[in-house]
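Please read the structure below before turning to the comments.
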Amino acid sequence: MTDLITATPGATAEGNQEMRPRSELTAREVMREVGSVLRMTESQAAALASENVDPTEVPEDQSMIINMGPQHPSTHGVLRLMLELQGERVLRCKPIIGYLHTGMEKTGEDLSFMQGGTNVTRMDYLSPLNNELVFSMAVEKLLGIDGELPERAVWMRMLLSELNRMSSHLLFLATNGMDIGAVSMMIYGWREREEVLRFFQKVTGLRMNHNFIRPGGLAADLPAGWRDDVLEILERLPDRLAEYDILMTEQPIWRERLQGVGVITAQEAVALGATGPILRSTGVPWDLRRDMPYLRYSEVEFDVIVGSYGDAFDRYAIRLNEIRESMKIVRQILDRMPSGDYRIQDKKVTPPPRARIDESMEALIHHFKIFTEGFKVPEGEVYVGIESPRGEIGCYIVSDGSSKPYRIHMRAPSFVNIQCLPHMMRDGLVADAVAVISSVDPVLGEVDR
Amino acid sequence: MNEDSAVTNHAPEPAPTRYGCHVSDSRGQVVIHPTRDNYVATLKALVDDSFVLCSDLTAVDYSAYASRVGKPTERFEVVLNLISLERRERIRVRVAVPDADATLPSAFDLYPGTEAMEREVFDMFGITFTGHPDLSRILMPEDWNGHPLRKDYAIGRIPVQFKGSPS
């Protein structure tokens, strides 16, 4: 099948994405599916490539290929996995994605830089503010105004980004609990997340998909009483997190279900391009907030949480503790939040203040033009990557000097992380497959874009 | 290189190179431009030079690029973003791929994580990666025709009431 495609580019056939039965396997496919590129020595790999052999050597009549998803409550949306099973044991796994593909990168080419935020915010719908942040930072870099943002705008962005990390991790705890059978955890996790979302609603007007962080700053200032709202969240959460520790971390069944499940080594994680909690669970202390600081992360104190075993339990514990670290950062932001403007006063990218529109014809025209035509961005290409709750989210924009991005590409952490699934699941049990998917914490809106 | 040195130095400065490739600077970010022939060799050199994490691989179709100044000669460009964990550095690799022969050697053997990304580029741009273990569509349905992110692939649209409005 692969040869056919190579011969005629553009021609594709049905059934191509699916997992091949054992009898049709080529050595290359086996190498990809079992990750032998990473686990084998060169001589072993060469021996495998020379003939059609399967390293696990399971007769075909003893194994069975089954579909898990795309409609399955544990698949976090519409992830479809094809699993080859021998009894309860997973021999091979292949994720099949695209069920939520809506061509957002193509849509992004037809929206102006002004409108782009509404598009990107819908990709990773659990951390919309981080999507907007990376998009805005990329556009600002192209415009050359990335160093000129008012301090308050920068610190507000940090506040929202960290609160968003908390809400995203809280949802992870909820779904992780639900997937493994601690169904009451689902309700607690959603409840706490809702408190953060309520704050977002107060600030941005929406619970999700805010389009609040925009090129040049933010859409509005923080509302009156915001500090009390944040303090209330900070006050309430520590007790709840302590409850989670009792409910899950210290519970033998919970540990039994997660420890030693879905193990991945540091070498494999790096080779597969995994970032975020997955990479950190293997012991690699890589956090873009500390290692390639953006905004003012170099000025706040926080710890990078790392694991040591690379299993599902480490990934759970890392996310739980990252909520605590985010709270630490938010406290420092509260202390240091400067006063000033919440957006850059550059006529090119910012609309005039509302009050000016009533009194000035020019301001009205300016306002109209900036929202209908957008602003032109100088020619060039940039890539900006930041740390989202799921790993490195990147935005690659090519501009040809017009008011729309010539090409906008989002480096989605879940899209890359999902490649770890076959490695984590190999030789595990079907029941653990659910725990493994859950521990990768993929957001399918971002995987498929 | 600042402007003064360009004026005082009569002999043309040798173009900056890194890993044997032309280097450019894009808004302060390092970009190297290997040719298709030394693409794999360059990636090998980059892996040896601690750029072990390939964070992103994507492509751009420059066929409708409006500006003449920065328009590349070839239609496609495959773009990789690599990270050195040791030195906390990023580098971008841009390699031109002609329209007539839209193929590129796969980076799978050096960066196994590019497996899905190369499939996405194949799916969206129709660039074939030789040596890729499973080159099939990843986001579009498997029997889809055409490559959506190519610039000559029209976007679907619903008729708008105001004709001639900037779309």
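Residues in the structure tokens are numbered from 1 in each chain, the chains being A, B, ... in the order shown, and ligands are numbered from 1 in the order shown.
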Contacts of range 327-417 of chain A with range 95-116 of chain B up to 10 Å, shortest pair per row, only C-alpha atoms, as JSON lines:
{"residue": "A:Phe415", "atom": "CA", "partner": "B:Ala116", "partner_atom": "CA", "distance": 7.9}
{"residue": "A:Val416", "atom": "CA", "partner": "B:Gly113", "partner_atom": "CA", "distance": 7.0}
{"residue": "A:Asn417", "atom": "CA", "partner": "B:Gly113", "partner_atom": "CA", "distance": 8.9}
Selected residues written out with C-alpha atoms, as a PDB file, in the first residue's frame:
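Result file out10.pdb:
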ATOM      1  CA  PHE A 415      -1.076  15.783  18.344  1.00  0.00           C
ATOM      2  CA  VAL A 416       2.539  14.886  19.054  1.00  0.00           C
ATOM      3  CA  ASN A 417       1.970  13.365  22.487  1.00  0.00           C
TER       4      ASN A 417
END
Using only C-alpha atoms, find the residues of chain B whose closest atom to chain A is at most 7 Å away, then write them as a VMD selection string. chain B and resid 26 to 27 53 to 56 60 65 to 67 88 111 to 113 126 128 133 to 140 142 to 146 149
Selection export as a PDB file, in the first residue's frame, atoms kept: N, CA and C atoms:
ATOM      1  N   SER B  26      15.502  35.360  11.247  1.00  0.00           N
ATOM      2  CA  SER B  26      14.132  35.793  11.067  1.00  0.00           C
ATOM      3  C   SER B  26      13.611  36.294  12.398  1.00  0.00           C
ATOM      4  N   ARG B  27      13.534  37.596  12.550  1.00  0.00           N
ATOM      5  CA  ARG B  27      13.085  38.227  13.802  1.00  0.00           C
ATOM      6  C   ARG B  27      13.852  37.690  14.999  1.00  0.00           C
ATOM      7  N   LEU B  53      15.430  17.153  20.070  1.00  0.00           N
ATOM      8  CA  LEU B  53      13.964  17.183  20.125  1.00  0.00           C
ATOM      9  C   LEU B  53      13.440  17.922  18.906  1.00  0.00           C
ATOM     10  N   CYS B  54      12.661  17.204  18.087  1.00  0.00           N
ATOM     11  CA  CYS B  54      12.023  17.864  16.949  1.00  0.00           C
ATOM     12  C   CYS B  54      10.625  18.255  17.406  1.00  0.00           C
ATOM     13  N   SER B  55      10.428  19.525  17.657  1.00  0.00           N
ATOM     14  CA  SER B  55       9.133  19.913  18.218  1.00  0.00           C
ATOM     15  C   SER B  55       8.088  20.058  17.133  1.00  0.00           C
ATOM     16  N   ASP B  56       8.488  20.404  15.935  1.00  0.00           N
ATOM     17  CA  ASP B  56       7.468  20.659  14.928  1.00  0.00           C
ATOM     18  C   ASP B  56       8.010  20.428  13.535  1.00  0.00           C
ATOM     19  N   VAL B  60       4.935  24.873   3.944  1.00  0.00           N
ATOM     20  CA  VAL B  60       4.275  26.078   3.449  1.00  0.00           C
ATOM     21  C   VAL B  60       4.229  25.978   1.934  1.00  0.00           C
ATOM     22  N   TYR B  65       2.198  33.504  -2.815  1.00  0.00           N
ATOM     23  CA  TYR B  65       2.834  34.508  -1.951  1.00  0.00           C
ATOM     24  C   TYR B  65       2.841  35.857  -2.641  1.00  0.00           C
ATOM     25  N   ALA B  66       2.300  36.881  -1.980  1.00  0.00           N
ATOM     26  CA  ALA B  66       2.073  38.161  -2.647  1.00  0.00           C
ATOM     27  C   ALA B  66       3.360  38.960  -2.825  1.00  0.00           C
ATOM     28  N   SER B  67       4.236  38.939  -1.810  1.00  0.00           N
ATOM     29  CA  SER B  67       5.436  39.764  -1.882  1.00  0.00           C
ATOM     30  C   SER B  67       6.488  39.099  -2.764  1.00  0.00           C
ATOM     31  N   ARG B  88      19.361  24.829  25.603  1.00  0.00           N
ATOM     32  CA  ARG B  88      18.116  25.606  25.633  1.00  0.00           C
ATOM     33  C   ARG B  88      18.047  26.546  24.438  1.00  0.00           C
ATOM     34  N   TYR B 111      14.321  11.425  13.903  1.00  0.00           N
ATOM     35  CA  TYR B 111      13.327  11.922  14.846  1.00  0.00           C
ATOM     36  C   TYR B 111      12.050  11.089  14.679  1.00  0.00           C
ATOM     37  N   PRO B 112      11.909   9.989  15.426  1.00  0.00           N
ATOM     38  CA  PRO B 112      10.712   9.151  15.242  1.00  0.00           C
ATOM     39  C   PRO B 112       9.418   9.928  15.480  1.00  0.00           C
ATOM     40  N   GLY B 113       9.508  11.041  16.218  1.00  0.00           N
ATOM     41  CA  GLY B 113       8.309  11.826  16.487  1.00  0.00           C
ATOM     42  C   GLY B 113       7.760  12.548  15.279  1.00  0.00           C
ATOM     43  N   GLY B 126       0.556  17.127   0.028  1.00  0.00           N
ATOM     44  CA  GLY B 126       0.919  16.177  -1.017  1.00  0.00           C
ATOM     45  C   GLY B 126       2.408  16.026  -1.212  1.00  0.00           C
ATOM     46  N   THR B 128       5.593  13.936  -0.630  1.00  0.00           N
ATOM     47  CA  THR B 128       5.847  12.542  -0.284  1.00  0.00           C
ATOM     48  C   THR B 128       7.168  12.419   0.458  1.00  0.00           C
ATOM     49  N   PRO B 133       7.598   5.087   7.203  1.00  0.00           N
ATOM     50  CA  PRO B 133       7.068   3.727   7.354  1.00  0.00           C
ATOM     51  C   PRO B 133       5.576   3.583   7.048  1.00  0.00           C
ATOM     52  N   ASP B 134       4.815   4.633   7.120  1.00  0.00           N
ATOM     53  CA  ASP B 134       3.371   4.472   6.959  1.00  0.00           C
ATOM     54  C   ASP B 134       2.798   5.774   6.426  1.00  0.00           C
ATOM     55  N   LEU B 135       3.103   6.073   5.170  1.00  0.00           N
ATOM     56  CA  LEU B 135       2.656   7.353   4.617  1.00  0.00           C
ATOM     57  C   LEU B 135       1.218   7.251   4.151  1.00  0.00           C
ATOM     58  N   SER B 136       0.308   7.610   5.013  1.00  0.00           N
ATOM     59  CA  SER B 136      -1.101   7.635   4.633  1.00  0.00           C
ATOM     60  C   SER B 136      -1.697   8.919   5.189  1.00  0.00           C
ATOM     61  N   ARG B 137      -2.900   9.216   4.740  1.00  0.00           N
ATOM     62  CA  ARG B 137      -3.543  10.430   5.252  1.00  0.00           C
ATOM     63  C   ARG B 137      -3.792  10.287   6.736  1.00  0.00           C
ATOM     64  N   ILE B 138      -3.724  11.392   7.438  1.00  0.00           N
ATOM     65  CA  ILE B 138      -3.887  11.298   8.891  1.00  0.00           C
ATOM     66  C   ILE B 138      -5.111  12.070   9.373  1.00  0.00           C
ATOM     67  N   LEU B 139      -5.370  13.235   8.788  1.00  0.00           N
ATOM     68  CA  LEU B 139      -6.514  14.020   9.264  1.00  0.00           C
ATOM     69  C   LEU B 139      -7.714  13.901   8.326  1.00  0.00           C
ATOM     70  N   MET B 140      -7.466  13.910   7.030  1.00  0.00           N
ATOM     71  CA  MET B 140      -8.570  13.796   6.076  1.00  0.00           C
ATOM     72  C   MET B 140      -8.976  12.320   5.966  1.00  0.00           C
ATOM     73  N   GLU B 142      -9.404   8.720   4.437  1.00  0.00           N
ATOM     74  CA  GLU B 142      -8.308   8.060   3.723  1.00  0.00           C
ATOM     75  C   GLU B 142      -8.475   8.029   2.207  1.00  0.00           C
ATOM     76  N   ASP B 143      -9.739   8.163   1.711  1.00  0.00           N
ATOM     77  CA  ASP B 143      -9.909   8.164   0.250  1.00  0.00           C
ATOM     78  C   ASP B 143     -10.212   9.571  -0.283  1.00  0.00           C
ATOM     79  N   TRP B 144      -9.754  10.570   0.399  1.00  0.00           N
ATOM     80  CA  TRP B 144      -9.982  11.959   0.003  1.00  0.00           C
ATOM     81  C   TRP B 144      -9.166  12.299  -1.243  1.00  0.00           C
ATOM     82  N   ASN B 145      -9.678  13.230  -2.040  1.00  0.00           N
ATOM     83  CA  ASN B 145      -8.935  13.698  -3.200  1.00  0.00           C
ATOM     84  C   ASN B 145      -8.404  15.099  -2.937  1.00  0.00           C
ATOM     85  N   GLY B 146      -7.166  15.325  -3.305  1.00  0.00           N
ATOM     86  CA  GLY B 146      -6.609  16.664  -3.172  1.00  0.00           C
ATOM     87  C   GLY B 146      -5.967  16.889  -1.821  1.00  0.00           C
ATOM     88  N   LEU B 149      -4.358  22.100   2.176  1.00  0.00           N
ATOM     89  CA  LEU B 149      -3.626  23.327   2.507  1.00  0.00           C
ATOM     90  C   LEU B 149      -2.805  23.864   1.339  1.00  0.00           C
TER      91      LEU B 149
END
When DSSP is applied to the backbone of this structure, which of range 158-379 of chain A are assigned strand (DSSP E or B)? Write them out as a list in words.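 Strand (DSSP E or B) assignments inside range 158-379 of chain A correspond to Ile213, Arg214, Gly217, Leu218 and Arg343 of chain A.
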Please dump the current selection as a PDB file, in the first residue's frame; keep C-alpha atoms.
ATOM      1  CA  ILE A 213      -5.687  37.896  24.678  1.00  0.00           C
ATOM      2  CA  ARG A 214      -5.200  39.716  21.383  1.00  0.00           C
ATOM      3  CA  GLY A 217      -2.475  43.250  24.630  1.00  0.00           C
ATOM      4  CA  LEU A 218      -5.839  42.183  25.933  1.00  0.00           C
ATOM      5  CA  ARG A 343      -2.857  47.059  25.736  1.00  0.00           C
TER       6      ARG A 343
END
Could you name the residues that touch range 70-78 of chain A at 10 Å or less, counting only C-alpha atoms, but leaving out those on the same chain fewer than 3 positions away, as an mmCIF file with N, CA and C atoms, in the first residue's frame?
data_model
loop_
_atom_site.group_PDB
_atom_site.id
_atom_site.type_symbol
_atom_site.label_atom_id
_atom_site.label_comp_id
_atom_site.auth_asym_id
_atom_site.auth_seq_id
_atom_site.Cartn_x
_atom_site.Cartn_y
_atom_site.Cartn_z
ATOM 1 N N ASN A 67 -11.484 -2.398 17.438
ATOM 2 C CA ASN A 67 -11.572 -0.945 17.455
ATOM 3 C C ASN A 67 -11.980 -0.473 18.828
ATOM 4 N N LEU A 81 -8.775 4.030 18.508
ATOM 5 C CA LEU A 81 -7.574 3.210 18.616
ATOM 6 C C LEU A 81 -7.872 1.860 18.014
ATOM 7 N N MET A 82 -6.944 1.354 17.221
ATOM 8 C CA MET A 82 -7.046 -0.034 16.791
ATOM 9 C C MET A 82 -6.051 -0.816 17.635
ATOM 10 N N ILE A 96 -5.932 6.349 15.447
ATOM 11 C CA ILE A 96 -6.431 6.880 14.182
ATOM 12 C C ILE A 96 -7.203 8.149 14.508
ATOM 13 N N ILE A 97 -6.759 9.239 13.913
ATOM 14 C CA ILE A 97 -7.337 10.529 14.291
ATOM 15 C C ILE A 97 -7.950 11.203 13.065
ATOM 16 N N GLY A 98 -8.497 12.361 13.244
ATOM 17 C CA GLY A 98 -9.055 13.113 12.134
ATOM 18 C C GLY A 98 -10.562 13.222 12.189
ATOM 19 N N TYR A 99 -11.166 12.627 13.193
ATOM 20 C CA TYR A 99 -12.626 12.646 13.257
ATOM 21 C C TYR A 99 -13.172 14.011 13.661
ATOM 22 N N LEU A 100 -12.301 14.872 14.143
ATOM 23 C CA LEU A 100 -12.735 16.207 14.534
ATOM 24 C C LEU A 100 -12.054 17.265 13.666
ATOM 25 N N THR A 175 -11.318 13.835 34.778
ATOM 26 C CA THR A 175 -11.485 12.791 33.764
ATOM 27 C C THR A 175 -10.616 11.579 34.088
ATOM 28 N N ASN A 176 -9.441 11.846 34.655
ATOM 29 C CA ASN A 176 -8.584 10.726 35.019
ATOM 30 C C ASN A 176 -9.288 9.863 36.066
ATOM 31 N N MET A 178 -12.509 9.638 36.565
ATOM 32 C CA MET A 178 -13.657 8.978 35.948
ATOM 33 C C MET A 178 -13.210 7.768 35.122
ATOM 34 N N ASP A 179 -12.131 7.925 34.366
ATOM 35 C CA ASP A 179 -11.675 6.834 33.497
ATOM 36 C C ASP A 179 -11.270 5.609 34.313
ATOM 37 N N ILE A 180 -10.747 5.866 35.508
ATOM 38 C CA ILE A 180 -10.223 4.748 36.273
ATOM 39 C C ILE A 180 -11.269 4.178 37.208
ATOM 40 N N ALA A 433 -5.293 0.263 29.134
ATOM 41 C CA ALA A 433 -5.290 1.156 27.975
ATOM 42 C C ALA A 433 -6.056 2.431 28.301
ATOM 43 N N VAL A 434 -7.154 2.290 29.017
ATOM 44 C CA VAL A 434 -7.957 3.454 29.375
ATOM 45 C C VAL A 434 -7.161 4.387 30.283
ATOM 46 N N ALA A 435 -6.452 3.809 31.236
ATOM 47 C CA ALA A 435 -5.632 4.630 32.143
ATOM 48 C C ALA A 435 -4.531 5.341 31.372
ATOM 49 N N ILE A 437 -4.520 6.247 28.045
ATOM 50 C CA ILE A 437 -5.082 7.354 27.254
ATOM 51 C C ILE A 437 -5.324 8.541 28.166
ATOM 52 N N SER A 438 -5.921 8.248 29.307
ATOM 53 C CA SER A 438 -6.262 9.306 30.236
ATOM 54 C C SER A 438 -5.025 10.045 30.716
ATOM 55 N N ASP A 441 -3.698 12.723 28.481
ATOM 56 C CA ASP A 441 -4.562 13.894 28.526
ATOM 57 C C ASP A 441 -4.664 14.592 27.167
ATOM 58 N N PRO A 442 -5.056 13.864 26.127
ATOM 59 C CA PRO A 442 -5.154 14.517 24.828
ATOM 60 C C PRO A 442 -6.452 15.317 24.717
ATOM 61 N N VAL A 443 -6.372 16.418 23.987
ATOM 62 C CA VAL A 443 -7.585 17.175 23.652
ATOM 63 C C VAL A 443 -7.768 17.026 22.150
ATOM 64 N N LEU A 444 -8.821 16.358 21.774
ATOM 65 C CA LEU A 444 -8.954 15.995 20.365
ATOM 66 C C LEU A 444 -9.211 17.200 19.470
ATOM 67 N N GLY A 445 -9.730 18.260 20.036
ATOM 68 C CA GLY A 445 -9.929 19.473 19.239
ATOM 69 C C GLY A 445 -8.603 20.002 18.731
ATOM 70 N N ASP A 448 -6.822 17.250 16.082
ATOM 71 C CA ASP A 448 -7.330 17.248 14.710
ATOM 72 C C ASP A 448 -7.369 18.632 14.072
#
Run DSSP on the backbone and tell me which residues of range 34-163 of chain B come out as helix (DSSP H, G or I); list them as a list in words.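 Assigned to helix (DSSP H, G or I), within range 34-163 of chain B: Tyr39, Val40, Ala41, Thr42, Leu43, Lys44, Ala45, Leu46, Val47, Asp48, Tyr62, Ser63, Ala64, Thr114, Glu115, Ala116, Met117, Glu118, Arg119, Glu120, Val121, Phe122, Asp123, Met124 and Phe125 of chain B.
Among the candidates B:Val79, B:Ile127, B:Glu118, B:Ala59, the residue lying nearest to Ile32 in chain B is B:Val79 (atoms considered: only C-alpha atoms).
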Within 10 Å of Gly117 in chain A, counting only C-alpha atoms, which residues show up once you throw out same-chain ones fewer than 3 positions away? Write them as a PyMOL selection string, please. chain A and resi 108+111-114+120-122+128-129+131-136+209-215
